[in-house]
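Next up, start.cif (mmCIF, C-alpha atoms):
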data_work
#
loop_
_atom_site.label_atom_id
_atom_site.label_comp_id
_atom_site.auth_asym_id
_atom_site.auth_seq_id
_atom_site.Cartn_x
_atom_site.Cartn_y
_atom_site.Cartn_z
CA MET A 1 9.25 1.05 -8.59
CA SER A 2 11.65 4.00 -8.76
CA VAL A 3 9.74 7.27 -8.74
CA ASN A 4 12.51 8.78 -10.85
CA ALA A 5 11.51 6.49 -13.70
CA ILE A 6 8.28 8.41 -14.26
CA ALA A 7 9.50 11.97 -13.87
CA THR A 8 7.70 13.30 -16.96
CA GLY A 9 4.57 15.33 -17.60
CA GLU A 10 2.02 15.33 -14.79
CA GLY A 11 4.18 12.91 -12.84
CA GLN A 12 6.84 15.52 -12.15
CA GLU A 13 4.88 17.19 -9.35
CA ALA A 14 4.14 13.83 -7.73
CA VAL A 15 7.78 12.79 -7.99
CA ALA A 16 8.83 16.03 -6.27
CA LEU A 17 6.26 15.48 -3.50
CA LEU A 18 7.39 11.90 -2.94
CA GLU A 19 11.04 12.91 -2.83
CA HIS A 20 10.24 15.72 -0.40
CA ALA A 21 8.25 13.32 1.79
CA ARG A 22 11.15 10.87 1.93
CA GLU A 23 13.65 13.61 2.75
CA THR A 24 11.37 15.04 5.45
CA VAL A 25 10.00 11.85 6.98
CA ASN A 26 12.80 9.30 6.64
CA PRO A 27 15.11 10.84 9.29
CA GLU A 28 12.25 10.81 11.83
CA LEU A 29 11.20 7.36 10.68
CA ARG A 30 14.69 6.04 11.24
CA ARG A 31 14.87 7.65 14.67
CA ALA A 32 11.63 5.89 15.58
CA VAL A 33 12.93 2.51 14.42
CA GLU A 34 16.17 3.02 16.34
CA GLU A 35 14.08 3.16 19.54
CA LEU A 36 13.48 -0.59 19.24
CA PRO A 37 15.56 -3.00 21.37
CA GLY A 38 18.72 -4.29 19.67
CA SER A 39 17.57 -7.60 18.21
CA MET A 40 14.28 -6.20 16.94
CA ARG A 41 15.98 -3.07 15.67
CA ARG A 42 18.28 -5.16 13.48
CA VAL A 43 15.33 -6.87 11.76
CA ALA A 44 13.50 -3.58 11.29
CA MET A 45 16.59 -1.78 9.95
CA TYR A 46 17.02 -4.56 7.41
CA HIS A 47 13.37 -4.45 6.39
CA PHE A 48 13.49 -0.68 5.83
CA GLY A 49 16.60 -1.08 3.70
CA TRP A 50 19.01 0.78 5.96
CA GLU A 51 21.11 -2.24 6.89
CA ARG A 52 22.16 -5.56 5.43
CA ALA A 53 21.36 -8.80 7.22
CA ASP A 54 24.71 -8.66 9.03
CA GLY A 55 23.98 -5.19 10.39
CA THR A 56 26.32 -3.26 8.10
CA PRO A 57 24.96 -0.08 6.47
CA ALA A 58 22.98 -0.42 3.24
CA ASP A 59 21.52 2.07 0.81
CA GLY A 60 18.57 0.03 -0.30
CA ARG A 61 15.09 1.04 -1.46
CA THR A 62 13.04 2.23 1.50
CA GLY A 63 9.67 2.42 -0.24
CA LYS A 64 7.86 4.96 -2.38
CA ALA A 65 6.65 7.13 0.55
CA ILE A 66 3.17 7.42 -0.95
CA ARG A 67 1.37 7.42 2.40
CA PRO A 68 3.61 9.99 4.13
CA ALA A 69 3.32 12.19 1.03
CA LEU A 70 -0.47 11.98 1.26
CA VAL A 71 -0.37 13.07 4.92
CA LEU A 72 1.71 16.14 4.10
CA ALA A 73 -0.28 16.99 0.96
CA ALA A 74 -3.59 16.67 2.82
CA ALA A 75 -2.38 19.05 5.52
CA ARG A 76 -1.37 21.57 2.87
CA ALA A 77 -4.65 21.19 0.95
CA VAL A 78 -6.75 22.31 3.91
CA GLY A 79 -4.49 25.28 4.60
CA GLY A 80 -2.26 23.82 7.30
CA ASP A 81 1.50 23.62 7.81
CA PRO A 82 2.72 20.22 6.50
CA GLY A 83 5.67 20.41 8.88
CA ARG A 84 3.37 20.00 11.86
CA ALA A 85 2.00 16.78 10.34
CA VAL A 86 5.37 14.99 10.09
CA PRO A 87 4.73 12.85 13.23
CA ALA A 88 1.49 11.66 11.62
CA ALA A 89 3.34 10.88 8.38
CA VAL A 90 5.90 8.84 10.33
CA ALA A 91 3.15 6.95 12.14
CA VAL A 92 1.34 6.11 8.89
CA GLU A 93 4.53 4.81 7.28
CA LEU A 94 5.28 2.69 10.35
CA ALA A 95 1.75 1.26 10.20
CA HIS A 96 2.21 0.49 6.51
CA ASN A 97 5.43 -1.39 7.18
CA PHE A 98 3.76 -3.37 9.96
CA THR A 99 1.40 -4.69 7.27
CA LEU A 100 4.28 -5.43 4.88
CA LEU A 101 6.21 -7.46 7.44
CA HIS A 102 3.13 -9.54 8.24
CA ASP A 103 1.85 -9.80 4.66
CA ASP A 104 5.18 -11.21 3.48
CA VAL A 105 4.85 -13.99 6.06
CA VAL A 106 1.20 -14.70 5.28
CA ASP A 107 1.74 -14.67 1.51
CA GLU A 108 5.11 -16.45 1.77
CA ASP A 109 6.65 -13.75 -0.43
CA VAL A 110 10.40 -14.15 -0.65
CA ARG A 111 11.24 -10.81 -2.31
CA ARG A 112 10.47 -7.24 -1.27
CA ARG A 113 12.07 -4.12 -2.77
CA GLY A 114 14.48 -6.22 -4.77
CA ARG A 115 15.90 -8.36 -1.95
CA ALA A 116 14.99 -11.18 0.42
CA THR A 117 12.06 -10.51 2.74
CA ALA A 118 12.72 -10.19 6.47
CA TRP A 119 11.09 -13.50 7.39
CA THR A 120 13.30 -15.43 4.95
CA VAL A 121 16.39 -13.88 6.54
CA PHE A 122 15.49 -13.78 10.23
CA GLY A 123 12.68 -16.34 10.47
CA VAL A 124 8.91 -16.12 10.77
CA PRO A 125 8.76 -15.45 14.55
CA ASP A 126 11.10 -12.45 14.36
CA ALA A 127 9.28 -10.96 11.37
CA ILE A 128 5.91 -11.22 13.11
CA ILE A 129 7.20 -9.86 16.42
CA VAL A 130 8.98 -6.94 14.78
CA GLY A 131 5.85 -6.18 12.76
CA ASP A 132 3.92 -5.97 16.03
CA ALA A 133 6.57 -3.68 17.51
CA VAL A 134 6.51 -1.40 14.47
CA ALA A 135 2.72 -1.04 14.82
CA ALA A 136 3.20 -0.11 18.48
CA LEU A 137 5.82 2.46 17.47
CA ALA A 138 3.29 4.08 15.13
CA LEU A 139 0.78 4.58 17.92
CA ARG A 140 3.45 5.78 20.35
CA ARG A 141 4.65 8.39 17.87
CA LEU A 142 1.18 9.91 17.76
CA ALA A 143 0.52 9.62 21.50
CA GLN A 144 3.82 11.29 22.44
CA HIS A 145 3.36 14.27 20.15
CA PRO A 146 2.06 17.41 21.93
CA HIS A 147 -0.54 18.27 19.31
CA PRO A 148 -4.24 18.93 20.00
CA ALA A 149 -5.18 16.27 17.42
CA SER A 150 -2.93 13.51 18.78
CA ALA A 151 -5.63 11.70 20.77
CA ALA A 152 -8.07 11.72 17.86
CA ALA A 153 -5.26 10.58 15.57
CA VAL A 154 -4.45 7.60 17.82
CA VAL A 155 -8.10 6.53 17.79
CA ARG A 156 -8.33 6.86 14.01
CA LEU A 157 -5.09 4.98 13.32
CA THR A 158 -6.01 2.23 15.80
CA SER A 159 -9.37 1.75 14.09
CA CYS A 160 -7.56 1.67 10.75
CA LEU A 161 -5.16 -1.04 11.95
CA ILE A 162 -8.10 -3.21 13.02
CA GLU A 163 -9.71 -2.70 9.61
CA LEU A 164 -6.44 -3.56 7.87
CA CYS A 165 -6.28 -6.84 9.80
CA ALA A 166 -9.88 -7.61 8.87
CA GLY A 167 -9.04 -7.01 5.21
CA GLN A 168 -6.02 -9.29 5.41
CA GLN A 169 -8.06 -12.01 7.08
CA ALA A 170 -10.70 -11.77 4.36
CA ASP A 171 -8.01 -11.96 1.69
CA CYS A 172 -6.67 -15.17 3.25
CA ALA A 173 -10.17 -16.62 3.58
CA PHE A 174 -10.81 -16.06 -0.14
CA GLU A 175 -8.00 -18.47 -0.97
CA LYS A 176 -9.91 -21.29 0.75
CA VAL A 177 -13.22 -20.89 -1.09
CA ALA A 178 -14.08 -21.67 -4.68
CA GLU A 179 -16.18 -18.58 -5.38
CA VAL A 180 -15.84 -14.95 -4.33
CA SER A 181 -18.11 -12.15 -5.54
CA LEU A 182 -16.78 -8.86 -6.86
CA ASP A 183 -18.56 -6.99 -4.06
CA GLU A 184 -16.79 -9.15 -1.45
CA CYS A 185 -13.47 -8.57 -3.16
CA LEU A 186 -14.01 -4.80 -3.37
CA THR A 187 -14.92 -4.67 0.33
CA MET A 188 -11.76 -6.59 1.18
CA ALA A 189 -9.58 -4.32 -0.95
CA THR A 190 -11.10 -1.20 0.60
CA ALA A 191 -10.21 -2.51 4.06
CA LYS A 192 -6.78 -3.81 3.13
CA THR A 193 -5.58 -0.85 1.04
CA GLY A 194 -8.10 1.98 1.00
CA ALA A 195 -8.35 2.23 4.79
CA LEU A 196 -4.71 3.27 5.31
CA LEU A 197 -4.67 5.75 2.43
CA GLY A 198 -7.87 7.23 3.82
CA CYS A 199 -6.33 7.39 7.27
CA ALA A 200 -3.24 9.11 5.87
CA CYS A 201 -5.33 11.87 4.32
CA ALA A 202 -7.52 12.18 7.41
CA LEU A 203 -4.50 12.50 9.74
CA GLY A 204 -3.01 15.20 7.52
CA ALA A 205 -6.27 17.14 7.75
CA LEU A 206 -6.50 16.56 11.51
CA TYR A 207 -2.99 17.90 12.10
CA ALA A 208 -3.87 20.95 10.00
CA GLY A 209 -6.81 21.75 12.27
CA ALA A 210 -9.60 20.78 9.86
CA GLY A 211 -13.12 20.18 11.16
CA PRO A 212 -14.82 16.75 11.43
CA ASP A 213 -16.62 17.02 8.07
CA GLU A 214 -13.44 17.92 6.20
CA VAL A 215 -11.51 15.14 7.94
CA ASP A 216 -14.16 12.57 7.01
CA ALA A 217 -14.20 13.80 3.42
CA MET A 218 -10.42 13.45 3.25
CA ASP A 219 -10.73 9.92 4.59
CA ALA A 220 -13.31 9.12 1.90
CA PHE A 221 -11.03 10.61 -0.78
CA GLY A 222 -8.14 8.43 0.33
CA ARG A 223 -10.30 5.31 0.45
CA GLU A 224 -11.55 5.78 -3.11
CA ALA A 225 -8.06 6.61 -4.37
CA GLY A 226 -6.76 3.63 -2.41
CA LEU A 227 -9.14 1.27 -4.16
CA ALA A 228 -8.02 2.65 -7.51
CA PHE A 229 -4.44 2.13 -6.33
CA GLN A 230 -5.21 -1.50 -5.43
CA LEU A 231 -6.80 -2.17 -8.82
CA ILE A 232 -3.67 -0.93 -10.58
CA ASP A 233 -1.47 -2.83 -8.12
CA ASP A 234 -3.40 -6.01 -8.91
CA LEU A 235 -2.78 -5.46 -12.62
CA ILE A 236 0.92 -5.00 -11.92
CA GLY A 237 0.83 -8.21 -9.84
CA ILE A 238 -0.12 -10.04 -13.04
CA TRP A 239 1.63 -8.13 -15.81
CA GLY A 240 4.32 -6.12 -13.98
CA ASP A 241 7.99 -6.21 -14.90
CA PRO A 242 9.91 -8.19 -12.24
CA GLU A 243 12.88 -5.86 -12.68
CA HIS A 244 10.78 -3.02 -11.32
CA THR A 245 8.35 -4.84 -9.01
CA GLY A 246 11.06 -6.89 -7.25
CA LYS A 247 8.79 -9.95 -7.51
CA PRO A 248 8.55 -12.81 -10.06
CA ALA A 249 6.31 -12.27 -13.09
CA GLY A 250 2.74 -13.33 -12.40
CA ALA A 251 3.47 -13.86 -8.70
CA ASP A 252 -0.16 -13.28 -7.73
CA LEU A 253 -1.35 -15.83 -10.27
CA LEU A 254 1.21 -18.38 -9.16
CA ALA A 255 -0.12 -18.00 -5.62
CA ARG A 256 -3.66 -18.26 -7.02
CA LYS A 257 -4.63 -15.01 -5.33
CA LYS A 258 -8.16 -13.83 -5.96
CA SER A 259 -7.19 -10.30 -6.90
CA LEU A 260 -9.75 -7.92 -8.37
CA PRO A 261 -8.96 -8.55 -12.08
CA VAL A 262 -8.98 -12.30 -11.41
CA VAL A 263 -12.36 -12.23 -9.65
CA ALA A 264 -13.77 -10.04 -12.44
CA ALA A 265 -12.61 -12.70 -14.91
CA LEU A 266 -13.84 -15.63 -12.81
CA THR A 267 -17.32 -14.09 -12.51
CA SER A 268 -17.51 -12.99 -16.16
CA GLY A 269 -19.49 -16.02 -17.36
CA THR A 270 -17.09 -16.38 -20.30
CA GLU A 271 -15.21 -19.39 -21.64
CA ALA A 272 -11.96 -17.67 -20.68
CA GLY A 273 -13.29 -17.27 -17.14
CA ALA A 274 -14.07 -20.97 -16.97
CA GLU A 275 -10.58 -21.74 -18.27
CA LEU A 276 -9.11 -19.57 -15.52
CA ALA A 277 -11.21 -21.38 -12.90
CA GLU A 278 -9.76 -24.71 -14.06
CA LEU A 279 -6.23 -23.36 -13.81
CA TYR A 280 -6.93 -22.02 -10.32
CA ALA A 281 -8.26 -25.39 -9.22
CA GLY A 282 -4.78 -26.93 -9.11
CA PRO A 283 -1.10 -26.06 -8.73
CA MET A 284 0.35 -23.93 -11.52
CA THR A 285 3.61 -24.07 -13.42
CA GLY A 286 5.25 -21.22 -15.28
CA ASP A 287 3.36 -22.09 -18.45
CA ASP A 288 0.08 -22.20 -16.50
CA VAL A 289 0.79 -18.70 -15.17
CA ARG A 290 1.12 -17.37 -18.72
CA ARG A 291 -2.12 -19.11 -19.71
CA ALA A 292 -3.88 -17.71 -16.65
CA ALA A 293 -2.77 -14.15 -17.44
CA ASP A 294 -4.06 -14.57 -20.98
CA ALA A 295 -7.37 -15.94 -19.66
CA VAL A 296 -7.81 -12.99 -17.31
CA GLU A 297 -7.34 -10.62 -20.22
CA ARG A 298 -9.65 -12.51 -22.60
CA ALA A 299 -12.33 -12.67 -19.90
CA GLY A 300 -12.25 -8.89 -19.56
CA GLY A 301 -10.57 -8.73 -16.16
CA ARG A 302 -7.84 -6.37 -17.28
CA ASP A 303 -10.20 -3.92 -19.01
CA TRP A 304 -12.64 -4.03 -16.08
CA ALA A 305 -9.91 -3.23 -13.56
CA GLN A 306 -8.62 -0.29 -15.61
CA ALA A 307 -12.11 1.14 -16.11
CA HIS A 308 -13.06 0.66 -12.46
CA ALA A 309 -9.85 2.36 -11.32
CA ALA A 310 -10.80 5.40 -13.40
CA ASP A 311 -14.32 5.36 -11.92
CA ARG A 312 -12.97 5.22 -8.37
CA MET A 313 -10.70 8.17 -9.07
CA GLY A 314 -13.73 10.14 -10.20
CA ARG A 315 -15.42 9.32 -6.90
CA ALA A 316 -12.26 10.31 -5.05
CA VAL A 317 -12.22 13.76 -6.65
CA HIS A 318 -15.87 14.25 -5.68
CA GLN A 319 -15.06 13.44 -2.05
CA LEU A 320 -12.05 15.74 -2.11
CA SER A 321 -14.23 18.64 -3.30
CA ARG A 322 -16.25 18.31 -0.07
CA ALA A 323 -13.13 19.10 1.96
CA VAL A 324 -11.45 21.48 -0.48
CA PRO A 325 -14.06 23.25 -2.67
CA ASP A 326 -11.31 24.97 -4.66
CA LEU A 327 -9.52 21.92 -6.02
CA ALA A 328 -6.62 24.09 -7.13
CA ALA A 329 -5.56 24.14 -3.48
CA ALA A 330 -5.42 20.33 -3.52
CA GLY A 331 -3.14 20.04 -6.53
CA GLY A 332 -0.58 18.00 -4.62
CA LEU A 333 -3.12 15.42 -3.49
CA LEU A 334 -4.52 15.09 -7.00
CA ALA A 335 -1.04 14.75 -8.47
CA LEU A 336 -0.22 11.93 -6.06
CA ALA A 337 -3.51 10.17 -6.75
CA GLU A 338 -2.96 10.42 -10.51
CA PHE A 339 0.59 9.14 -10.10
CA VAL A 340 -0.30 5.99 -8.19
CA THR A 341 -3.25 5.11 -10.41
CA ARG A 342 -1.50 5.69 -13.73
CA ARG A 343 1.68 3.80 -13.00
CA THR A 344 2.37 0.66 -14.99
CA ARG A 345 5.03 -1.04 -12.87
#
Just give me the structure of the file as structure tokens.
Amino acid sequence: MSVNAIATGEGQEAVALLEHARETVNPELRRAVEELPGSMRRVAMYHFGWERADGTPADGRTGKAIRPALVLAAARAVGGDPGRAVPAAVAVELAHNFTLLHDDVVDEDVRRRGRATAWTVFGVPDAIIVGDAVAALALRRLAQHPHPASAAAVVRLTSCLIELCAGQQADCAFEKVAEVSLDECLTMATAKTGALLGCACALGALYAGAGPDEVDAMDAFGREAGLAFQLIDDLIGIWGDPEHTGKPAGADLLARKKSLPVVAALTSGTEAGAELAELYAGPMTGDDVRRAADAVERAGGRDWAQAHAADRMGRAVHQLSRAVPDLAAAGGLLALAEFVTRRTR
């Protein structure tokens, strides 16, 4: 998704924050990646969109920068200097890309940001190894920074990485069982997506000198907003435009992923839910994918996901008010949260 495509209304502030985050963080992010040994650096540079597979320069899409923007906005919201939180923003974006490199292998996704995924170009072993190295870079960036919060930040990001792995493992396990409850799916999504957004907000607060209660409240805000983000992302995974998502239409359905709207439909007790269960019981063709998307909608999965995303955003705002009683000071964070939960592609 190009952030410039939604530069209207309330989205304008978020677009400006995302662009500022990319301009501020990307040079440091690239310097971190360039610290990798030659062969690993080449894979990482390709993944981030800075080089083509042959090592020549490229000007590809490097991601939306949502997580780095949250770090900087969180620091500002609690009265700190966002500039001092740039190392934390770099670390969070490195951690995010560690998950992307591994997720593409696990999910066998062949497209990311409009081009071939790293594992399809360089092979599974290189993609996994470079993902590991990128995670290590994230922790090293925090540990090397002479900031009073660096040790606490390393502990928090390390705990987050473990939780992310647990969420990914649960997601994979769901594909092997016939039934998954909504509570199980929500717990998985919180670990897989909410944890890193929560960590991003917490690190921003930490680097701004916030106290433990404010840092925890920021983490809770990010987690709730992250779950709302995942709900919308799951909807896009079913109904998103491939031209903007960089992935085939209905890719999640084709892979028979038990995303949140799908599980809501499967557990709805409706005829459409039963129809979806039958489709998920076997391999699907393109026509089956269209039928599955229709079944999810008729079973109420789409409406449930949209309503639940709005509910989670309400919870997020409540958590944010614990850290920033005057929400006017947290306008940037709220703008970003609104942006990622109102997008349609």
Q: Run through the PyMOL selection byres ((chain A and resi 54) around 12) on the given coordinates and return the selected residues as a list in words.
A: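 On this input, the PyMOL selection byres ((chain A and resi 54) around 12) captures Ser39, Arg42, Val43, Met45, Tyr46, Trp50, Glu51, Arg52, Ala53, Gly55, Thr56, Pro57, Ala58, Val121 and Phe122 of chain A.
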Return as a short mmCIF file (atom, residue, chain, number, x, y, z; two decimals) with C-alpha atoms, in the coordinates of the input the set of residues that the PyMOL selection byres ((chain A and resi 233) around 12) yields on the displayed structure.
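Okay, expr-v9.cif is ready:
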data_model
loop_
_atom_site.label_atom_id
_atom_site.label_comp_id
_atom_site.auth_asym_id
_atom_site.auth_seq_id
_atom_site.Cartn_x
_atom_site.Cartn_y
_atom_site.Cartn_z
CA MET A 1 9.25 1.05 -8.59
CA ALA A 189 -9.58 -4.32 -0.95
CA THR A 193 -5.58 -0.85 1.04
CA GLY A 226 -6.76 3.63 -2.41
CA LEU A 227 -9.14 1.27 -4.16
CA ALA A 228 -8.02 2.65 -7.51
CA PHE A 229 -4.44 2.13 -6.33
CA GLN A 230 -5.21 -1.50 -5.43
CA LEU A 231 -6.80 -2.17 -8.82
CA ILE A 232 -3.67 -0.93 -10.58
CA ASP A 234 -3.40 -6.01 -8.91
CA LEU A 235 -2.78 -5.46 -12.62
CA ILE A 236 0.92 -5.00 -11.92
CA GLY A 237 0.83 -8.21 -9.84
CA ILE A 238 -0.12 -10.04 -13.04
CA TRP A 239 1.63 -8.13 -15.81
CA GLY A 240 4.32 -6.12 -13.98
CA THR A 245 8.35 -4.84 -9.01
CA ASP A 252 -0.16 -13.28 -7.73
CA SER A 259 -7.19 -10.30 -6.90
CA LEU A 260 -9.75 -7.92 -8.37
CA PRO A 261 -8.96 -8.55 -12.08
CA ARG A 302 -7.84 -6.37 -17.28
CA ALA A 305 -9.91 -3.23 -13.56
CA GLN A 306 -8.62 -0.29 -15.61
CA ALA A 309 -9.85 2.36 -11.32
CA VAL A 340 -0.30 5.99 -8.19
CA THR A 341 -3.25 5.11 -10.41
CA ARG A 342 -1.50 5.69 -13.73
CA ARG A 343 1.68 3.80 -13.00
CA THR A 344 2.37 0.66 -14.99
CA ARG A 345 5.03 -1.04 -12.87
#
Under the rule of at most 12 Å, produce a per-residue listing of segment 72-140 of chain A near segment 166-178 of chain A: chain, number, name, the closest pair of atoms, and the distance in Å, as a Markdown table, using only C-alpha atoms.
| residue | atom | partner | partner_atom | distance |
| --- | --- | --- | --- | --- |
| A:Thr99 | CA | A:Gln168 | CA | 8.9 |
| A:Leu100 | CA | A:Gln168 | CA | 11.0 |
| A:His102 | CA | A:Gln168 | CA | 9.6 |
| A:Asp103 | CA | A:Gln168 | CA | 7.9 |
| A:Asp104 | CA | A:Gln168 | CA | 11.5 |
| A:Val105 | CA | A:Gln168 | CA | 11.9 |
| A:Val106 | CA | A:Cys172 | CA | 8.1 |
| A:Asp107 | CA | A:Cys172 | CA | 8.6 |
| A:Glu108 | CA | A:Cys172 | CA | 11.9 |
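What separates atom CA of Pro146 of chain A from atom CA of Pro87 of chain A is a distance of 10.2 Å.
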**Q.** Selection near Val324 of chain A, 12 Å with only C-alpha atoms, sequence-local residues under 4 positions removed, as JSON, numbers by chain
**A.** {"A": [74, 75, 76, 77, 78, 79, 205, 210, 211, 213, 214, 215, 216, 217, 218, 221, 317, 318, 319, 320, 328, 329, 330, 331, 333, 334]}
Quick check on the file I pasted: which residues fall under the PyMOL selection byres ((chain A and resi 70) around 9)? Write them as a PDB file with C-alpha atoms, keeping the file's coordinate frame.
ATOM      1  CA  LEU A  17       6.260  15.480  -3.500  1.00  0.00           C
ATOM      2  CA  LEU A  18       7.390  11.900  -2.940  1.00  0.00           C
ATOM      3  CA  ALA A  21       8.250  13.320   1.790  1.00  0.00           C
ATOM      4  CA  ALA A  65       6.650   7.130   0.550  1.00  0.00           C
ATOM      5  CA  ILE A  66       3.170   7.420  -0.950  1.00  0.00           C
ATOM      6  CA  ARG A  67       1.370   7.420   2.400  1.00  0.00           C
ATOM      7  CA  PRO A  68       3.610   9.990   4.130  1.00  0.00           C
ATOM      8  CA  ALA A  69       3.320  12.190   1.030  1.00  0.00           C
ATOM      9  CA  VAL A  71      -0.370  13.070   4.920  1.00  0.00           C
ATOM     10  CA  LEU A  72       1.710  16.140   4.100  1.00  0.00           C
ATOM     11  CA  ALA A  73      -0.280  16.990   0.960  1.00  0.00           C
ATOM     12  CA  ALA A  74      -3.590  16.670   2.820  1.00  0.00           C
ATOM     13  CA  ALA A  75      -2.380  19.050   5.520  1.00  0.00           C
ATOM     14  CA  ALA A  89       3.340  10.880   8.380  1.00  0.00           C
ATOM     15  CA  LEU A 197      -4.670   5.750   2.430  1.00  0.00           C
ATOM     16  CA  ALA A 200      -3.240   9.110   5.870  1.00  0.00           C
ATOM     17  CA  CYS A 201      -5.330  11.870   4.320  1.00  0.00           C
ATOM     18  CA  GLY A 204      -3.010  15.200   7.520  1.00  0.00           C
ATOM     19  CA  GLY A 222      -8.140   8.430   0.330  1.00  0.00           C
ATOM     20  CA  GLY A 332      -0.580  18.000  -4.620  1.00  0.00           C
ATOM     21  CA  LEU A 333      -3.120  15.420  -3.490  1.00  0.00           C
ATOM     22  CA  LEU A 336      -0.220  11.930  -6.060  1.00  0.00           C
ATOM     23  CA  ALA A 337      -3.510  10.170  -6.750  1.00  0.00           C
TER      24      ALA A 337
END
Q. Suppose you want the space between atom CA of Thr187 of chain A and atom CA of Glu163 of chain A; what is it in Å?
A.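 These atoms are spaced 10.8 Å apart.
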Q) What gap, in Å, lies between atom CA of Glu243 of chain A and atom CA of Arg113 of chain A? A)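 Between atom CA of Glu243 of chain A and atom CA of Arg113 of chain A the gap is 10.1 Å.
Distances here use only C-alpha atoms; by that measure, the residue among A:Ile129, A:His244, A:Thr190, A:Val33 closest to Gly114 of chain A is A:His244.
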Q: Fewer than 6 positions away in the same chain doesn't count, so skip those; otherwise give me all residues within 8 Å of Gly80 of chain A, counting all atoms listed in the file, as a list in words.
A: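 In the requested form, the answer reads Ala205, Tyr207, Ala208 and Gly209 of chain A.
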Q: Measuring atom to atom with all atoms listed in the file, identify which of A:Leu279, A:Ile128, A:Ala44, A:Leu196 is nearest to Thr158 of chain A.
A: A:Leu196
Q: Counting all atoms listed in the file, find the residues whose atoms lie at most 9 Å from (9.5, 3.8, 24.7) (file coordinates) and write them out as a ChimeraX atom specification.
A: /A:35-36,137,140
Q.
Counting all atoms listed in the file, find residues at most 9 Å from (9.8, -9.5, -7.6) (file frame) and give them as a list in words.
A. Asp109, Val110, Arg111, Arg112, Arg113, Gly114, Arg115, Asp241, Pro242, Glu243, His244, Thr245, Gly246, Lys247, Pro248, Ala249 and Ala251 of chain A
Output C-alpha atoms for every residue in that selection, as a PDB file, in the coordinates of the input.
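Written file, again19.pdb:
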ATOM      1  CA  ASP A 109       6.650 -13.750  -0.430  1.00  0.00           C
ATOM      2  CA  VAL A 110      10.400 -14.150  -0.650  1.00  0.00           C
ATOM      3  CA  ARG A 111      11.240 -10.810  -2.310  1.00  0.00           C
ATOM      4  CA  ARG A 112      10.470  -7.240  -1.270  1.00  0.00           C
ATOM      5  CA  ARG A 113      12.070  -4.120  -2.770  1.00  0.00           C
ATOM      6  CA  GLY A 114      14.480  -6.220  -4.770  1.00  0.00           C
ATOM      7  CA  ARG A 115      15.900  -8.360  -1.950  1.00  0.00           C
ATOM      8  CA  ASP A 241       7.990  -6.210 -14.900  1.00  0.00           C
ATOM      9  CA  PRO A 242       9.910  -8.190 -12.240  1.00  0.00           C
ATOM     10  CA  GLU A 243      12.880  -5.860 -12.680  1.00  0.00           C
ATOM     11  CA  HIS A 244      10.780  -3.020 -11.320  1.00  0.00           C
ATOM     12  CA  THR A 245       8.350  -4.840  -9.010  1.00  0.00           C
ATOM     13  CA  GLY A 246      11.060  -6.890  -7.250  1.00  0.00           C
ATOM     14  CA  LYS A 247       8.790  -9.950  -7.510  1.00  0.00           C
ATOM     15  CA  PRO A 248       8.550 -12.810 -10.060  1.00  0.00           C
ATOM     16  CA  ALA A 249       6.310 -12.270 -13.090  1.00  0.00           C
ATOM     17  CA  ALA A 251       3.470 -13.860  -8.700  1.00  0.00           C
TER      18      ALA A 251
END
(Q) I need the residue nearest Cys165 of chain A from this list: A:Asp132, A:Glu338, A:Asp219, A:Asp294. Use all atoms listed in the file for the distance. (A) A:Asp132
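Ranking A:Gly63, A:Gly250, A:Pro325, A:Gly83 by their shortest atom-to-atom distance to Val289 of chain A, with all atoms listed in the file included, puts A:Gly250 first.
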Q | Residue nearest Lys258 of chain A - candidates A:Ala195, A:Ala225, A:Glu179, A:Asp288, atoms counted: all atoms listed in the file | A | A:Glu179
With N, CA, C and O atoms as the atom set, please write segment 76-81 of chain A from the structure just given, as an mmCIF file, in the first residue's frame.
data_model
loop_
_atom_site.group_PDB
_atom_site.id
_atom_site.type_symbol
_atom_site.label_atom_id
_atom_site.label_comp_id
_atom_site.auth_asym_id
_atom_site.auth_seq_id
_atom_site.Cartn_x
_atom_site.Cartn_y
_atom_site.Cartn_z
ATOM 1 N N ARG A 76 7.059 11.339 21.476
ATOM 2 C CA ARG A 76 6.544 12.709 21.461
ATOM 3 C C ARG A 76 5.330 12.846 22.379
ATOM 4 O O ARG A 76 5.181 13.848 23.092
ATOM 5 N N ALA A 77 4.470 11.836 22.402
ATOM 6 C CA ALA A 77 3.228 11.910 23.179
ATOM 7 C C ALA A 77 3.473 12.056 24.673
ATOM 8 O O ALA A 77 2.697 12.700 25.381
ATOM 9 N N VAL A 78 4.557 11.451 25.161
ATOM 10 C CA VAL A 78 4.851 11.544 26.601
ATOM 11 C C VAL A 78 5.829 12.672 26.910
ATOM 12 O O VAL A 78 6.392 12.731 28.008
ATOM 13 N N GLY A 79 6.042 13.554 25.947
ATOM 14 C CA GLY A 79 6.840 14.744 26.187
ATOM 15 C C GLY A 79 8.320 14.613 25.922
ATOM 16 O O GLY A 79 9.106 15.475 26.335
ATOM 17 N N GLY A 80 8.734 13.552 25.225
ATOM 18 C CA GLY A 80 10.148 13.346 24.953
ATOM 19 C C GLY A 80 10.573 13.853 23.589
ATOM 20 O O GLY A 80 9.747 14.325 22.795
ATOM 21 N N ASP A 81 11.850 13.735 23.306
ATOM 22 C CA ASP A 81 12.423 14.122 22.018
ATOM 23 C C ASP A 81 12.431 12.893 21.108
ATOM 24 O O ASP A 81 13.182 11.943 21.367
#
